[in-house]
Amino acid sequence: MKGNGAASPSRLIDARIEELGDWRGETLARVRKLIKEACPDVVEEWKWRGVPVWEHDGIICTGETYKAVVKLTFAKGAALDDPSDLFNASLDGNVRRAIDIHEGDKIDEKALKALVRAAAALNASKRTAVRPARAQKKSKSD
C-alpha cells in the first residue's frame, strides 16, 4: 500500500485479475508474467480509471479487458517490427498497434516477449535521443 492509503498499481492489477475470474483474468495474468519475464525492470501502472499499464522509459503496452477480448495495445507499435504478425488490431493508426486475444487463442510467448523487449528498447532509444537535443537547446539560449 502507498502512504496515501491507495493500493499499489501491482495490487490493483492483481485485484482485476481476480475480479475477472474467467479466461480473461487468466489471459491477463499470463501476458503480465510474459511482460515481466521479457523486461524484468518493467514498472506497472494503473491509469485511466482502471487500465493496467506496463512502462519502461515510457509506455510499453496496456492490458485492457473487454467482454470478448483481452487487448494489449502497444503505445509505439507502428514503429516496431512484428515478424510473427502478432498485431491484429488498430492496424490503421500511425502510432499504436494492438493484439486482440480471444478466448482459446494460443499466445506465441517467444514472439510476445520479443515484441515487449523491442518496445522497451525503442522507448530507451527515444529517451536517450531526446536528452542531447534538450541539452543543446539549453546551451544555445545561455
# chains A, B, ... in the order shown; residues from 1 in each chain; ligands from 1

$ residues_around --residues "range 113-129 of chain A" --least-positions-apart "3" --cutoff "6 Å" --atoms "only C-alpha atoms" --output "MDAnalysis selection string"
chainID A and resid 38 56:58 60 110

$ write_last_selection --atoms "C-alpha atoms" --output "PDB file, in the first residue's frame"
ATOM      1  CA  ALA A  38      10.797 -10.094 -21.119  1.00  0.00           C
ATOM      2  CA  HIS A  56       9.950   1.133 -19.207  1.00  0.00           C
ATOM      3  CA  ASP A  57      11.236   4.577 -20.231  1.00  0.00           C
ATOM      4  CA  GLY A  58       7.661   5.206 -21.399  1.00  0.00           C
ATOM      5  CA  ILE A  60       5.306  -0.359 -23.497  1.00  0.00           C
ATOM      6  CA  LYS A 110       8.524 -16.102 -27.657  1.00  0.00           C
TER       7      LYS A 110
END

$ residues_around --residues "Asp100 in chain A" --least-positions-apart "3" --cutoff "8 Å" --atoms "only C-alpha atoms" --output "compact mmCIF listing (two decimals) with all heavy atoms, in the first residue's frame"
# COMPACT_ATOMS: atom_id res chain seq x y z
N VAL A 69 -12.56 -10.02 -25.42
CA VAL A 69 -11.16 -9.91 -25.81
C VAL A 69 -10.33 -9.29 -24.68
O VAL A 69 -10.82 -8.48 -23.91
CB VAL A 69 -11.03 -9.07 -27.11
CG1 VAL A 69 -11.34 -7.61 -26.88
CG2 VAL A 69 -9.67 -9.22 -27.76
N VAL A 70 -9.07 -9.73 -24.63
CA VAL A 70 -8.05 -9.04 -23.84
C VAL A 70 -7.19 -8.34 -24.88
O VAL A 70 -6.67 -8.97 -25.80
CB VAL A 70 -7.20 -10.02 -22.99
CG1 VAL A 70 -6.03 -9.29 -22.34
CG2 VAL A 70 -8.06 -10.70 -21.94
N LYS A 71 -7.08 -7.01 -24.76
CA LYS A 71 -6.38 -6.21 -25.77
C LYS A 71 -5.09 -5.66 -25.19
O LYS A 71 -5.10 -4.94 -24.20
CB LYS A 71 -7.28 -5.05 -26.21
CG LYS A 71 -6.66 -4.15 -27.27
CD LYS A 71 -7.55 -2.99 -27.63
CE LYS A 71 -8.68 -3.35 -28.51
NZ LYS A 71 -8.37 -3.70 -29.89
N LEU A 72 -3.99 -6.03 -25.82
CA LEU A 72 -2.69 -5.45 -25.49
C LEU A 72 -2.39 -4.38 -26.54
O LEU A 72 -2.22 -4.70 -27.71
CB LEU A 72 -1.58 -6.51 -25.55
CG LEU A 72 -1.61 -7.61 -24.51
CD1 LEU A 72 -0.43 -8.55 -24.73
CD2 LEU A 72 -1.57 -7.03 -23.11
N PHE A 87 0.40 -8.37 -34.14
CA PHE A 87 -0.57 -7.28 -34.19
C PHE A 87 -1.72 -7.66 -35.10
O PHE A 87 -1.53 -8.01 -36.25
CB PHE A 87 0.09 -5.98 -34.68
CG PHE A 87 1.08 -5.40 -33.72
CD1 PHE A 87 2.33 -4.99 -34.16
CD2 PHE A 87 0.78 -5.24 -32.37
CE1 PHE A 87 3.26 -4.44 -33.29
CE2 PHE A 87 1.70 -4.69 -31.48
CZ PHE A 87 2.94 -4.29 -31.94
N ASN A 88 -2.94 -7.60 -34.53
CA ASN A 88 -4.12 -7.94 -35.31
C ASN A 88 -5.26 -6.94 -35.11
O ASN A 88 -6.38 -7.17 -35.51
CB ASN A 88 -4.60 -9.36 -34.96
CG ASN A 88 -4.96 -9.51 -33.49
OD1 ASN A 88 -5.02 -8.55 -32.73
ND2 ASN A 88 -5.21 -10.74 -33.08
N ALA A 89 -4.95 -5.80 -34.47
CA ALA A 89 -5.96 -4.76 -34.24
C ALA A 89 -5.28 -3.39 -34.25
O ALA A 89 -4.07 -3.30 -34.07
CB ALA A 89 -6.65 -5.00 -32.90

$ closest_residue --among "A:Ala78, A:Leu12, A:Leu34, A:Cys39" --to "Pro52 in chain A" --atoms "only C-alpha atoms"
A:Leu12

$ closest_atom_pairs --of "range 96-124 of chain A" --to "range 15-31 of chain A" --cutoff "10 Å" --atoms "only C-alpha atoms" --output "Markdown table"
| residue | atom | partner | partner_atom | distance |
| --- | --- | --- | --- | --- |
| A:Ile101 | CA | A:Thr27 | CA | 8.1 |
| A:His102 | CA | A:Arg24 | CA | 8.4 |
| A:Glu103 | CA | A:Trp23 | CA | 6.4 |
| A:Gly104 | CA | A:Trp23 | CA | 8.3 |
| A:Asp105 | CA | A:Thr27 | CA | 9.4 |
| A:Lys106 | CA | A:Thr27 | CA | 9.9 |
| A:Ile107 | CA | A:Val31 | CA | 8.4 |
| A:Glu109 | CA | A:Val31 | CA | 8.4 |
| A:Leu112 | CA | A:Val31 | CA | 8.4 |
| A:Lys113 | CA | A:Val31 | CA | 9.2 |

$ select_by_dssp --residues "range 2-140 of chain A" --states "alpha helix (DSSP H)" --output "count of residues only"
60

$ select_by_dssp --residues "chain A" --states "strand (DSSP E or B)" --output "MDAnalysis selection string"
chainID A and resid 43:47 51:55 59:65 70:74 89 97:101

$ write_last_selection --atoms "N, CA, C and O atoms" --output "mmCIF file, in the first residue's frame"
data_model
loop_
_atom_site.group_PDB
_atom_site.id
_atom_site.type_symbol
_atom_site.label_atom_id
_atom_site.label_comp_id
_atom_site.auth_asym_id
_atom_site.auth_seq_id
_atom_site.Cartn_x
_atom_site.Cartn_y
_atom_site.Cartn_z
ATOM 1 N N VAL A 43 7.790 -1.359 -15.073
ATOM 2 C CA VAL A 43 7.034 -0.723 -13.991
ATOM 3 C C VAL A 43 5.552 -0.863 -14.312
ATOM 4 O O VAL A 43 5.122 -0.560 -15.426
ATOM 5 N N GLU A 44 4.805 -1.362 -13.341
ATOM 6 C CA GLU A 44 3.360 -1.486 -13.530
ATOM 7 C C GLU A 44 2.674 -0.220 -13.053
ATOM 8 O O GLU A 44 3.005 0.325 -11.999
ATOM 9 N N GLU A 45 1.733 0.245 -13.845
ATOM 10 C CA GLU A 45 0.941 1.419 -13.502
ATOM 11 C C GLU A 45 -0.537 1.073 -13.653
ATOM 12 O O GLU A 45 -0.896 0.059 -14.245
ATOM 13 N N TRP A 46 -1.373 1.937 -13.122
ATOM 14 C CA TRP A 46 -2.833 1.782 -13.175
ATOM 15 C C TRP A 46 -3.365 3.128 -13.610
ATOM 16 O O TRP A 46 -3.317 4.095 -12.850
ATOM 17 N N LYS A 47 -3.806 3.231 -14.865
ATOM 18 C CA LYS A 47 -4.186 4.531 -15.415
ATOM 19 C C LYS A 47 -5.591 4.508 -15.988
ATOM 20 O O LYS A 47 -6.186 3.459 -16.189
ATOM 21 N N VAL A 51 -6.927 0.797 -16.085
ATOM 22 C CA VAL A 51 -6.234 0.092 -17.163
ATOM 23 C C VAL A 51 -4.820 -0.251 -16.691
ATOM 24 O O VAL A 51 -4.043 0.640 -16.369
ATOM 25 N N PRO A 52 -4.485 -1.546 -16.661
ATOM 26 C CA PRO A 52 -3.099 -1.927 -16.365
ATOM 27 C C PRO A 52 -2.175 -1.421 -17.476
ATOM 28 O O PRO A 52 -2.490 -1.541 -18.663
ATOM 29 N N VAL A 53 -1.048 -0.847 -17.051
ATOM 30 C CA VAL A 53 -0.077 -0.290 -17.998
ATOM 31 C C VAL A 53 1.306 -0.766 -17.581
ATOM 32 O O VAL A 53 1.638 -0.755 -16.398
ATOM 33 N N TRP A 54 2.091 -1.181 -18.568
ATOM 34 C CA TRP A 54 3.469 -1.589 -18.314
ATOM 35 C C TRP A 54 4.390 -0.584 -18.982
ATOM 36 O O TRP A 54 4.255 -0.304 -20.176
ATOM 37 N N GLU A 55 5.329 -0.047 -18.183
ATOM 38 C CA GLU A 55 6.209 1.015 -18.661
ATOM 39 C C GLU A 55 7.671 0.678 -18.441
ATOM 40 O O GLU A 55 8.024 0.008 -17.470
ATOM 41 N N ILE A 59 5.576 4.175 -21.987
ATOM 42 C CA ILE A 59 4.612 3.073 -22.036
ATOM 43 C C ILE A 59 5.058 2.025 -23.051
ATOM 44 O O ILE A 59 5.351 2.338 -24.201
ATOM 45 N N ILE A 60 5.086 0.776 -22.590
ATOM 46 C CA ILE A 60 5.306 -0.359 -23.497
ATOM 47 C C ILE A 60 3.948 -0.758 -24.057
ATOM 48 O O ILE A 60 3.733 -0.746 -25.255
ATOM 49 N N CYS A 61 3.027 -1.132 -23.136
ATOM 50 C CA CYS A 61 1.701 -1.528 -23.579
ATOM 51 C C CYS A 61 0.701 -1.423 -22.438
ATOM 52 O O CYS A 61 1.070 -1.314 -21.274
ATOM 53 N N THR A 62 -0.569 -1.471 -22.818
ATOM 54 C CA THR A 62 -1.664 -1.511 -21.857
ATOM 55 C C THR A 62 -2.347 -2.858 -21.978
ATOM 56 O O THR A 62 -2.216 -3.534 -23.004
ATOM 57 N N GLY A 63 -3.088 -3.237 -20.947
ATOM 58 C CA GLY A 63 -3.795 -4.516 -20.946
ATOM 59 C C GLY A 63 -5.265 -4.324 -20.607
ATOM 60 O O GLY A 63 -5.653 -4.430 -19.456
ATOM 61 N N GLU A 64 -6.045 -4.010 -21.602
ATOM 62 C CA GLU A 64 -7.470 -3.772 -21.384
ATOM 63 C C GLU A 64 -8.247 -5.082 -21.519
ATOM 64 O O GLU A 64 -7.887 -5.945 -22.313
ATOM 65 N N THR A 65 -9.309 -5.189 -20.733
ATOM 66 C CA THR A 65 -10.148 -6.382 -20.814
ATOM 67 C C THR A 65 -11.561 -5.978 -21.200
ATOM 68 O O THR A 65 -12.138 -5.060 -20.617
ATOM 69 N N VAL A 70 -9.069 -9.730 -24.627
ATOM 70 C CA VAL A 70 -8.047 -9.042 -23.839
ATOM 71 C C VAL A 70 -7.193 -8.338 -24.884
ATOM 72 O O VAL A 70 -6.671 -8.968 -25.803
ATOM 73 N N LYS A 71 -7.075 -7.014 -24.755
ATOM 74 C CA LYS A 71 -6.383 -6.210 -25.765
ATOM 75 C C LYS A 71 -5.088 -5.657 -25.187
ATOM 76 O O LYS A 71 -5.103 -4.941 -24.197
ATOM 77 N N LEU A 72 -3.990 -6.030 -25.825
ATOM 78 C CA LEU A 72 -2.688 -5.453 -25.494
ATOM 79 C C LEU A 72 -2.394 -4.382 -26.536
ATOM 80 O O LEU A 72 -2.217 -4.702 -27.710
ATOM 81 N N THR A 73 -2.379 -3.132 -26.100
ATOM 82 C CA THR A 73 -2.113 -2.036 -27.020
ATOM 83 C C THR A 73 -0.705 -1.518 -26.775
ATOM 84 O O THR A 73 -0.385 -1.078 -25.674
ATOM 85 N N PHE A 74 0.111 -1.589 -27.800
ATOM 86 C CA PHE A 74 1.490 -1.121 -27.726
ATOM 87 C C PHE A 74 1.515 0.340 -28.157
ATOM 88 O O PHE A 74 1.117 0.678 -29.277
ATOM 89 N N ALA A 89 -4.952 -5.800 -34.474
ATOM 90 C CA ALA A 89 -5.960 -4.762 -34.236
ATOM 91 C C ALA A 89 -5.280 -3.393 -34.249
ATOM 92 O O ALA A 89 -4.069 -3.296 -34.068
ATOM 93 N N ARG A 97 -0.435 0.004 -32.062
ATOM 94 C CA ARG A 97 -0.849 -1.275 -32.633
ATOM 95 C C ARG A 97 -1.320 -2.124 -31.464
ATOM 96 O O ARG A 97 -0.853 -1.958 -30.337
ATOM 97 N N ALA A 98 -2.232 -3.052 -31.737
ATOM 98 C CA ALA A 98 -2.778 -3.865 -30.652
ATOM 99 C C ALA A 98 -2.824 -5.335 -31.033
ATOM 100 O O ALA A 98 -2.822 -5.703 -32.211
ATOM 101 N N ILE A 99 -2.879 -6.143 -29.979
ATOM 102 C CA ILE A 99 -3.067 -7.584 -30.124
ATOM 103 C C ILE A 99 -4.353 -7.910 -29.385
ATOM 104 O O ILE A 99 -4.453 -7.706 -28.173
ATOM 105 N N ASP A 100 -5.348 -8.387 -30.117
ATOM 106 C CA ASP A 100 -6.593 -8.847 -29.506
ATOM 107 C C ASP A 100 -6.469 -10.339 -29.254
ATOM 108 O O ASP A 100 -6.231 -11.112 -30.187
ATOM 109 N N ILE A 101 -6.627 -10.730 -28.000
ATOM 110 C CA ILE A 101 -6.545 -12.141 -27.628
ATOM 111 C C ILE A 101 -7.949 -12.593 -27.236
ATOM 112 O O ILE A 101 -8.547 -12.047 -26.304
#

$ decode --residues "range 22-33 of chain A" --atoms "all heavy atoms" --output "short mmCIF file (atom, residue, chain, number, x, y, z; two decimals), in the first residue's frame"
data_model
loop_
_atom_site.label_atom_id
_atom_site.label_comp_id
_atom_site.auth_asym_id
_atom_site.auth_seq_id
_atom_site.Cartn_x
_atom_site.Cartn_y
_atom_site.Cartn_z
N ASP A 22 -12.22 -15.38 -14.92
CA ASP A 22 -12.50 -16.26 -16.06
C ASP A 22 -11.28 -16.28 -16.98
O ASP A 22 -10.19 -15.92 -16.57
CB ASP A 22 -13.78 -15.82 -16.80
CG ASP A 22 -13.70 -14.39 -17.35
OD1 ASP A 22 -12.61 -13.78 -17.33
OD2 ASP A 22 -14.74 -13.88 -17.80
N TRP A 23 -11.47 -16.68 -18.23
CA TRP A 23 -10.37 -16.78 -19.17
C TRP A 23 -9.65 -15.44 -19.35
O TRP A 23 -8.45 -15.41 -19.60
CB TRP A 23 -10.84 -17.33 -20.52
CG TRP A 23 -11.71 -16.36 -21.29
CD1 TRP A 23 -13.08 -16.25 -21.22
CD2 TRP A 23 -11.26 -15.36 -22.20
NE1 TRP A 23 -13.49 -15.23 -22.04
CE2 TRP A 23 -12.40 -14.67 -22.66
CE3 TRP A 23 -10.01 -14.98 -22.68
CZ2 TRP A 23 -12.33 -13.62 -23.58
CZ3 TRP A 23 -9.94 -13.92 -23.59
CH2 TRP A 23 -11.10 -13.27 -24.03
N ARG A 24 -10.40 -14.33 -19.22
CA ARG A 24 -9.78 -13.01 -19.38
C ARG A 24 -8.78 -12.74 -18.26
O ARG A 24 -7.70 -12.21 -18.51
CB ARG A 24 -10.84 -11.90 -19.42
CG ARG A 24 -11.78 -12.04 -20.63
CD ARG A 24 -12.94 -11.10 -20.53
NE ARG A 24 -13.69 -11.38 -19.30
CZ ARG A 24 -14.56 -10.55 -18.75
NH1 ARG A 24 -14.80 -9.37 -19.28
NH2 ARG A 24 -15.20 -10.89 -17.65
N GLY A 25 -9.13 -13.12 -17.05
CA GLY A 25 -8.20 -12.96 -15.92
C GLY A 25 -6.98 -13.84 -16.10
O GLY A 25 -5.84 -13.40 -15.85
N GLU A 26 -7.21 -15.07 -16.53
CA GLU A 26 -6.08 -15.99 -16.77
C GLU A 26 -5.18 -15.44 -17.87
O GLU A 26 -3.95 -15.51 -17.77
CB GLU A 26 -6.61 -17.37 -17.18
CG GLU A 26 -7.32 -18.10 -16.06
CD GLU A 26 -8.04 -19.36 -16.55
OE1 GLU A 26 -7.80 -19.79 -17.70
OE2 GLU A 26 -8.87 -19.89 -15.78
N THR A 27 -5.78 -14.89 -18.93
CA THR A 27 -5.00 -14.35 -20.04
C THR A 27 -4.22 -13.12 -19.61
O THR A 27 -3.03 -12.98 -19.94
CB THR A 27 -5.93 -14.03 -21.24
OG1 THR A 27 -6.60 -15.23 -21.63
CG2 THR A 27 -5.16 -13.45 -22.41
N LEU A 28 -4.87 -12.23 -18.87
CA LEU A 28 -4.19 -11.03 -18.38
C LEU A 28 -3.03 -11.42 -17.47
O LEU A 28 -1.93 -10.86 -17.58
CB LEU A 28 -5.18 -10.11 -17.65
CG LEU A 28 -4.65 -8.74 -17.24
CD1 LEU A 28 -4.16 -7.94 -18.44
CD2 LEU A 28 -5.73 -7.97 -16.48
N ALA A 29 -3.23 -12.40 -16.61
CA ALA A 29 -2.16 -12.87 -15.72
C ALA A 29 -1.01 -13.46 -16.54
O ALA A 29 0.17 -13.24 -16.23
CB ALA A 29 -2.70 -13.90 -14.74
N ARG A 30 -1.34 -14.20 -17.58
CA ARG A 30 -0.32 -14.84 -18.41
C ARG A 30 0.52 -13.80 -19.15
O ARG A 30 1.74 -13.86 -19.17
CB ARG A 30 -0.98 -15.80 -19.41
CG ARG A 30 0.00 -16.55 -20.25
CD ARG A 30 0.66 -17.65 -19.42
NE ARG A 30 1.75 -18.21 -20.16
CZ ARG A 30 2.98 -18.40 -19.66
NH1 ARG A 30 3.23 -18.11 -18.41
NH2 ARG A 30 3.92 -18.91 -20.39
N VAL A 31 -0.15 -12.82 -19.80
CA VAL A 31 0.62 -11.82 -20.54
C VAL A 31 1.43 -10.94 -19.59
O VAL A 31 2.55 -10.55 -19.90
CB VAL A 31 -0.25 -10.97 -21.49
CG1 VAL A 31 -0.88 -11.84 -22.57
CG2 VAL A 31 -1.30 -10.17 -20.78
N ARG A 32 0.88 -10.68 -18.41
CA ARG A 32 1.61 -9.92 -17.40
C ARG A 32 2.92 -10.64 -17.04
O ARG A 32 3.98 -10.03 -16.97
CB ARG A 32 0.74 -9.76 -16.16
CG ARG A 32 1.38 -9.04 -15.02
CD ARG A 32 0.54 -9.19 -13.79
NE ARG A 32 0.80 -8.18 -12.78
CZ ARG A 32 0.29 -8.23 -11.56
NH1 ARG A 32 -0.53 -9.20 -11.21
NH2 ARG A 32 0.58 -7.28 -10.69
N LYS A 33 2.83 -11.94 -16.83
CA LYS A 33 4.01 -12.75 -16.49
C LYS A 33 5.04 -12.69 -17.64
O LYS A 33 6.23 -12.53 -17.41
CB LYS A 33 3.59 -14.19 -16.22
CG LYS A 33 4.72 -15.12 -15.82
CD LYS A 33 4.17 -16.51 -15.52
CE LYS A 33 5.22 -17.47 -15.04
NZ LYS A 33 6.13 -17.91 -16.08
#
